[in-house]
Every structure is written in structure tokens, then in C-alpha cells.
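Enquirer: Take this structure first; my questions come after.
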Amino acid sequence: MSELVIQEDEILNSHDVVSLFTNTPIEKALEIIKDRLQVDQTWKEVTNLEITDVIELLEFILTTTYFRFRGQLYCQTFGAAMGSPVSPLVADIYMEYLEQTAIATVPLDIKPALWKRYVDDILEVVKRHAVANLTEHLNEVDSTGSIKFTYESERDDSMPFLDTLIVKKPDGHVKLLIYRKQTHTDQYLNFDSHHPLQHKLSVIRTLL
């Protein structure tokens, strides 16, 4: 990032997916995963399962999510379940597919000079006039119509992205600062609490 130079007609911009997990189209995601498994055969080194077995297991996990609300039992009928270990993997694979499609088909006059994605958060450097058109393009990439993007542009020459604040200097170079939301309390899990050990260790890893 230290080598990045933003031109006068460019701005920092970020796009975010609206409720990624619960809007990930499972049927299409499974098609993409099946295609990936057919191309990359290295997974056969760790399992004797066939592709049909993997897809069948994934489909079962992703389409049999039940939960209880106010005494009533429900079945989730669309998207990936929040909290399921497999949901982030499936959602990220689908986002990677959308990302590759979007970049390959974006018109040159609105193509970002920088594109960095972390799951469903995307940071871009884009022409000032191109933000609306780029958003429209991204919202047309998903053929199922399930994935929609919102955007936020820089304010006062700065842009928060994940845990960083990207500040644009007068010469176009950028510097990175640590960013905390106004709701941040500096409170973390008590190690003596009854949370699973991996949750406590993840707090340490994340801070590090």
C-alpha cells in the first residue's frame, strides 16, 4: 500500500455485499465447487470420496439447517447458515467466482486501478465518475440476482477498511492507521469464561 499513488481524478471506494451468507445461492455455489473439483484433482490426496460424494455431503449440510424461534421449528430454505463452519468456505468460493467474473467483464472506463477483497469487503481505487456505474456492473454479475452490493466512498481524504484507516496524502500517497469504530469498547473475552478455548485463542491471534 505504501507504493500506491491515487491520482487527482481517482478516489478510495469500498463495496460490501448485503448479507452474504444468507444470500449465497446454494445451487449455483455447488455447481462452481463441482467445477473446481474437476479441474483441481489435488483434493484426492486427502480423501477417497468421489466428487459426487463431496457435493452430496455439502448439499445435505447446506440445505438442512433447522432452528427454533419462539417455540416454533423452522427450516432455512435459502442461503448458507450463519455459524456453520462450512458457510464461510462456500460463500468465499462463490465470491471468488463473482470477483473473477466482474473483473473480466468490467468496461475499461470504469475498471478500478486497485481491487482488494476480504470475503465480502472490497477496497478499490476508482475514477470519481465511475462509482455508480461500477456498482451497477457488480449488481448485474450474479446471474441469480441474490448478491447485491452497496458502496461507501472516501470522506475527508480517508477511508476505513476492516481495522485500518487509509488516509490519502496531498501528493496522492497513502498511509495506514489503526481504525476502531465508535462502538469499540476495548473489551475482550475473559480467559476464565466458559467460552470454547479456540474462541479465546482466536482473540489473541487476531490482536497479534
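Labels for the C-alpha cells follow display order: chains A, B, ..., residues from 1 in each chain, ligands from 1.
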Could you go through segment 104-200 of chain A and tell me which residues DSSP, when run on the backbone, assigns to strand (DSSP E), listing them as an mmCIF file with N, CA, C and O atoms, in the first residue's frame?
Expert:
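See out-v8.cif below for the written result:
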data_model
loop_
_atom_site.group_PDB
_atom_site.id
_atom_site.type_symbol
_atom_site.label_atom_id
_atom_site.label_comp_id
_atom_site.auth_asym_id
_atom_site.auth_seq_id
_atom_site.Cartn_x
_atom_site.Cartn_y
_atom_site.Cartn_z
ATOM 1 N N LEU A 114 -7.197 -0.308 -8.393
ATOM 2 C CA LEU A 114 -6.850 -1.206 -7.290
ATOM 3 C C LEU A 114 -8.101 -1.955 -6.866
ATOM 4 O O LEU A 114 -9.182 -1.367 -6.777
ATOM 5 N N TRP A 115 -7.951 -3.247 -6.605
ATOM 6 C CA TRP A 115 -9.070 -4.079 -6.156
ATOM 7 C C TRP A 115 -8.538 -5.058 -5.123
ATOM 8 O O TRP A 115 -7.711 -5.917 -5.436
ATOM 9 N N LYS A 116 -8.961 -4.926 -3.880
ATOM 10 C CA LYS A 116 -8.558 -5.825 -2.813
ATOM 11 C C LYS A 116 -9.810 -6.304 -2.088
ATOM 12 O O LYS A 116 -10.620 -5.479 -1.644
ATOM 13 N N ARG A 117 -9.947 -7.626 -1.950
ATOM 14 C CA ARG A 117 -11.160 -8.176 -1.334
ATOM 15 C C ARG A 117 -10.807 -9.037 -0.135
ATOM 16 O O ARG A 117 -9.868 -9.823 -0.164
ATOM 17 N N TYR A 118 -11.592 -8.899 0.929
ATOM 18 C CA TYR A 118 -11.554 -9.815 2.066
ATOM 19 C C TYR A 118 -12.977 -10.307 2.298
ATOM 20 O O TYR A 118 -13.826 -9.557 2.798
ATOM 21 N N ASP A 121 -15.903 -7.775 1.733
ATOM 22 C CA ASP A 121 -15.493 -6.370 1.796
ATOM 23 C C ASP A 121 -14.447 -6.108 0.711
ATOM 24 O O ASP A 121 -13.415 -6.789 0.662
ATOM 25 N N ILE A 122 -14.708 -5.121 -0.127
ATOM 26 C CA ILE A 122 -13.835 -4.835 -1.262
ATOM 27 C C ILE A 122 -13.355 -3.391 -1.198
ATOM 28 O O ILE A 122 -14.163 -2.474 -1.028
ATOM 29 N N LEU A 123 -12.053 -3.207 -1.325
ATOM 30 C CA LEU A 123 -11.455 -1.875 -1.377
ATOM 31 C C LEU A 123 -11.008 -1.601 -2.802
ATOM 32 O O LEU A 123 -10.391 -2.452 -3.439
ATOM 33 N N GLU A 124 -11.323 -0.398 -3.289
ATOM 34 C CA GLU A 124 -10.975 -0.052 -4.669
ATOM 35 C C GLU A 124 -10.403 1.362 -4.745
ATOM 36 O O GLU A 124 -10.699 2.217 -3.900
ATOM 37 N N VAL A 125 -9.610 1.565 -5.767
ATOM 38 C CA VAL A 125 -9.276 2.906 -6.234
ATOM 39 C C VAL A 125 -9.920 3.021 -7.607
ATOM 40 O O VAL A 125 -9.612 2.244 -8.514
ATOM 41 N N VAL A 126 -10.820 3.977 -7.753
ATOM 42 C CA VAL A 126 -11.630 4.046 -8.958
ATOM 43 C C VAL A 126 -11.788 5.507 -9.376
ATOM 44 O O VAL A 126 -11.664 6.425 -8.556
ATOM 45 N N LYS A 127 -12.059 5.722 -10.652
ATOM 46 C CA LYS A 127 -12.316 7.075 -11.145
ATOM 47 C C LYS A 127 -13.552 7.651 -10.442
ATOM 48 O O LYS A 127 -14.519 6.931 -10.181
ATOM 49 N N PHE A 149 -24.632 -5.382 -3.957
ATOM 50 C CA PHE A 149 -23.552 -4.610 -3.360
ATOM 51 C C PHE A 149 -24.016 -3.207 -2.981
ATOM 52 O O PHE A 149 -24.806 -2.587 -3.702
ATOM 53 N N THR A 150 -23.524 -2.737 -1.859
ATOM 54 C CA THR A 150 -23.636 -1.325 -1.508
ATOM 55 C C THR A 150 -22.231 -0.740 -1.525
ATOM 56 O O THR A 150 -21.245 -1.484 -1.528
ATOM 57 N N TYR A 151 -22.129 0.587 -1.524
ATOM 58 C CA TYR A 151 -20.793 1.171 -1.576
ATOM 59 C C TYR A 151 -20.670 2.355 -0.627
ATOM 60 O O TYR A 151 -21.662 2.960 -0.209
ATOM 61 N N GLU A 152 -19.423 2.660 -0.304
ATOM 62 C CA GLU A 152 -19.092 3.816 0.529
ATOM 63 C C GLU A 152 -17.817 4.428 -0.030
ATOM 64 O O GLU A 152 -16.835 3.720 -0.264
ATOM 65 N N SER A 153 -17.837 5.734 -0.252
ATOM 66 C CA SER A 153 -16.673 6.423 -0.798
ATOM 67 C C SER A 153 -15.931 7.184 0.295
ATOM 68 O O SER A 153 -16.471 7.418 1.386
ATOM 69 N N SER A 158 -10.052 10.120 3.523
ATOM 70 C CA SER A 158 -9.756 8.914 4.292
ATOM 71 C C SER A 158 -10.868 7.894 4.102
ATOM 72 O O SER A 158 -12.010 8.237 3.796
ATOM 73 N N MET A 159 -10.500 6.608 4.298
ATOM 74 C CA MET A 159 -11.452 5.528 4.105
ATOM 75 C C MET A 159 -11.178 4.424 5.120
ATOM 76 O O MET A 159 -10.075 3.861 5.152
ATOM 77 N N PRO A 160 -12.143 4.092 5.989
ATOM 78 C CA PRO A 160 -11.953 2.940 6.872
ATOM 79 C C PRO A 160 -12.163 1.644 6.101
ATOM 80 O O PRO A 160 -13.108 1.524 5.313
ATOM 81 N N PHE A 161 -11.279 0.693 6.305
ATOM 82 C CA PHE A 161 -11.420 -0.614 5.662
ATOM 83 C C PHE A 161 -10.924 -1.673 6.634
ATOM 84 O O PHE A 161 -9.745 -1.687 7.005
ATOM 85 N N THR A 164 -8.280 -0.924 9.468
ATOM 86 C CA THR A 164 -7.330 0.118 9.077
ATOM 87 C C THR A 164 -8.076 1.372 8.620
ATOM 88 O O THR A 164 -9.207 1.296 8.134
ATOM 89 N N LEU A 165 -7.417 2.506 8.791
ATOM 90 C CA LEU A 165 -7.913 3.764 8.243
ATOM 91 C C LEU A 165 -6.905 4.202 7.197
ATOM 92 O O LEU A 165 -5.734 4.464 7.504
ATOM 93 N N ILE A 166 -7.339 4.248 5.948
ATOM 94 C CA ILE A 166 -6.459 4.620 4.845
ATOM 95 C C ILE A 166 -6.595 6.121 4.620
ATOM 96 O O ILE A 166 -7.686 6.615 4.312
ATOM 97 N N VAL A 167 -5.509 6.838 4.798
ATOM 98 C CA VAL A 167 -5.505 8.297 4.692
ATOM 99 C C VAL A 167 -4.732 8.701 3.437
ATOM 100 O O VAL A 167 -3.590 8.279 3.242
ATOM 101 N N LYS A 168 -5.366 9.510 2.601
ATOM 102 C CA LYS A 168 -4.742 9.970 1.363
ATOM 103 C C LYS A 168 -4.001 11.275 1.606
ATOM 104 O O LYS A 168 -4.584 12.255 2.060
ATOM 105 N N VAL A 174 -0.562 7.142 0.261
ATOM 106 C CA VAL A 174 -1.455 6.832 1.373
ATOM 107 C C VAL A 174 -0.655 6.365 2.585
ATOM 108 O O VAL A 174 0.475 5.893 2.461
ATOM 109 N N LYS A 175 -1.248 6.541 3.748
ATOM 110 C CA LYS A 175 -0.696 5.988 4.978
ATOM 111 C C LYS A 175 -1.787 5.218 5.697
ATOM 112 O O LYS A 175 -2.983 5.528 5.564
ATOM 113 N N LEU A 176 -1.389 4.217 6.458
ATOM 114 C CA LEU A 176 -2.343 3.354 7.149
ATOM 115 C C LEU A 176 -2.307 3.607 8.650
ATOM 116 O O LEU A 176 -1.235 3.650 9.256
ATOM 117 N N LEU A 177 -3.478 3.782 9.229
ATOM 118 C CA LEU A 177 -3.620 3.933 10.666
ATOM 119 C C LEU A 177 -4.543 2.835 11.183
ATOM 120 O O LEU A 177 -5.309 2.241 10.424
ATOM 121 N N ILE A 178 -4.471 2.547 12.468
ATOM 122 C CA ILE A 178 -5.400 1.595 13.075
ATOM 123 C C ILE A 178 -6.770 2.255 13.202
ATOM 124 O O ILE A 178 -6.874 3.412 13.612
#
Enquirer: Can you tell me, as a PyMOL selection string, which residues in segment 9-117 of chain A count as helix (DSSP H, G or I) by DSSP?
Expert: chain A and resi 20-23+26-39+42-45+51-63+87-105+108-110
Enquirer: Could you name the residues that touch Val86 of chain A at 10 Å or less, counting only C-alpha atoms, but leaving out those on the same chain fewer than 6 positions away, as a PDB file with N, CA, C and O atoms, in the first residue's frame?
Expert:
ATOM      1  N   LEU A  58     -22.061 -31.755   0.901  1.00  0.00           N
ATOM      2  CA  LEU A  58     -22.201 -30.307   1.010  1.00  0.00           C
ATOM      3  C   LEU A  58     -23.659 -29.884   0.885  1.00  0.00           C
ATOM      4  O   LEU A  58     -24.143 -29.044   1.644  1.00  0.00           O
ATOM      5  N   ILE A  61     -25.503 -30.665   4.088  1.00  0.00           N
ATOM      6  CA  ILE A  61     -25.168 -29.735   5.171  1.00  0.00           C
ATOM      7  C   ILE A  61     -25.818 -28.372   4.948  1.00  0.00           C
ATOM      8  O   ILE A  61     -26.336 -27.743   5.878  1.00  0.00           O
ATOM      9  N   LEU A  62     -25.801 -27.904   3.701  1.00  0.00           N
ATOM     10  CA  LEU A  62     -26.243 -26.543   3.400  1.00  0.00           C
ATOM     11  C   LEU A  62     -27.757 -26.396   3.248  1.00  0.00           C
ATOM     12  O   LEU A  62     -28.265 -25.280   3.232  1.00  0.00           O
ATOM     13  N   ALA A  80     -26.693 -19.788   3.062  1.00  0.00           N
ATOM     14  CA  ALA A  80     -25.895 -20.592   3.983  1.00  0.00           C
ATOM     15  C   ALA A  80     -26.161 -20.134   5.415  1.00  0.00           C
ATOM     16  O   ALA A  80     -26.401 -18.961   5.667  1.00  0.00           O
TER      17      ALA A  80
END
Enquirer: Measuring between only C-alpha atoms, which one of A:Pro107, A:Gly172, A:Ser14, A:Ser143 shows the shortest distance to Asp157 of chain A?
Expert: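 Of A:Pro107, A:Gly172, A:Ser14, A:Ser143, the one nearest Asp157 of chain A, counting only C-alpha atoms, is A:Gly172.
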Enquirer: Mind checking which residues fall within 10 Å of segment 16-24 of chain A, counting only C-alpha atoms, ignoring those fewer than 5 positions away in the same chain, and posting them as a ChimeraX atom specification?
Expert: /A:29,76-84,87-88,90-92,94-95,117-123,139,144-152
Enquirer: Let me see the file: selected residues, C-alpha atoms, as a compact mmCIF listing (two decimals), in the first residue's frame.
Expert:
# COMPACT_ATOMS: atom_id res chain seq x y z
CA ALA A 29 -22.35 -22.38 -5.43
CA GLN A 76 -33.80 -22.29 6.37
CA THR A 77 -34.75 -22.52 2.70
CA PHE A 78 -32.16 -20.25 1.09
CA GLY A 79 -28.56 -19.26 1.63
CA ALA A 80 -25.90 -20.59 3.98
CA ALA A 81 -26.44 -20.78 7.72
CA MET A 82 -24.80 -18.21 10.00
CA GLY A 83 -22.48 -20.00 12.39
CA SER A 84 -21.98 -23.12 10.29
CA SER A 87 -20.68 -21.41 5.31
CA PRO A 88 -17.61 -19.10 5.13
CA VAL A 90 -18.82 -21.81 0.40
CA ALA A 91 -19.57 -18.08 0.49
CA ASP A 92 -15.92 -17.19 -0.18
CA TYR A 94 -18.85 -18.01 -4.58
CA MET A 95 -17.44 -14.51 -4.01
CA ARG A 117 -11.16 -8.18 -1.33
CA TYR A 118 -11.55 -9.82 2.07
CA VAL A 119 -14.59 -12.15 1.93
CA ASP A 120 -17.38 -9.63 1.14
CA ASP A 121 -15.49 -6.37 1.80
CA ILE A 122 -13.83 -4.83 -1.26
CA LEU A 123 -11.46 -1.88 -1.38
CA ASN A 139 -25.01 -5.86 -9.12
CA THR A 144 -29.25 -15.47 -9.70
CA GLY A 145 -29.89 -11.88 -8.60
CA SER A 146 -29.22 -12.82 -4.98
CA ILE A 147 -25.96 -10.96 -4.31
CA LYS A 148 -26.23 -7.17 -4.14
CA PHE A 149 -23.55 -4.61 -3.36
CA THR A 150 -23.64 -1.33 -1.51
CA TYR A 151 -20.79 1.17 -1.58
CA GLU A 152 -19.09 3.82 0.53
Enquirer: What does the distance from atom CA of Thr135 of chain A to atom CA of Asn13 of chain A come to in Å, to one decimal?
Expert: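 If I compute the distance from atom CA of Thr135 of chain A to atom CA of Asn13 of chain A, I get 10.6 Å.
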Enquirer: Which value, in Å to one decimal, gives the distance between atom CA of Leu73 of chain A and atom CA of Ile26 of chain A?
Expert: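 Going from atom CA of Leu73 of chain A over to atom CA of Ile26 of chain A, I get 21.6 Å.
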Enquirer: Using only C-alpha atoms for the distances, tell me which of A:Tyr179, A:Phe191, A:Tyr97, A:Phe60 is nearest to Glu31 of chain A.
Expert: A:Tyr97
Enquirer: Restricting the calculation to only C-alpha atoms, which member of A:Leu98, A:Val203, A:Val131, A:Ile51 is positioned closest to Pro112 of chain A?
Expert: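 For Pro112 of chain A, the nearest of the given residues is A:Val131.
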Enquirer: Check the smallest atom-to-atom distance from each of A:Ile33, A:Lys200, A:Tyr188, A:His173 to Leu89 of chain A using only C-alpha atoms, then report the winner.
Expert: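 Among A:Ile33, A:Lys200, A:Tyr188, A:His173, it is A:Ile33 that comes nearest to Leu89 of chain A.
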Enquirer: What does the distance between atom CA of Glu10 of chain A and atom CA of Pro170 of chain A come to in Å, to one decimal place?
Expert: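 Answer for the atom CA of Glu10 of chain A to atom CA of Pro170 of chain A separation: 12.8 Å.
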Enquirer: Between A:Ser193, A:Ala113, A:Leu162, A:Arg180, which has the minimum distance to Leu4 of chain A (counting only C-alpha atoms)?
Expert: A:Ala113
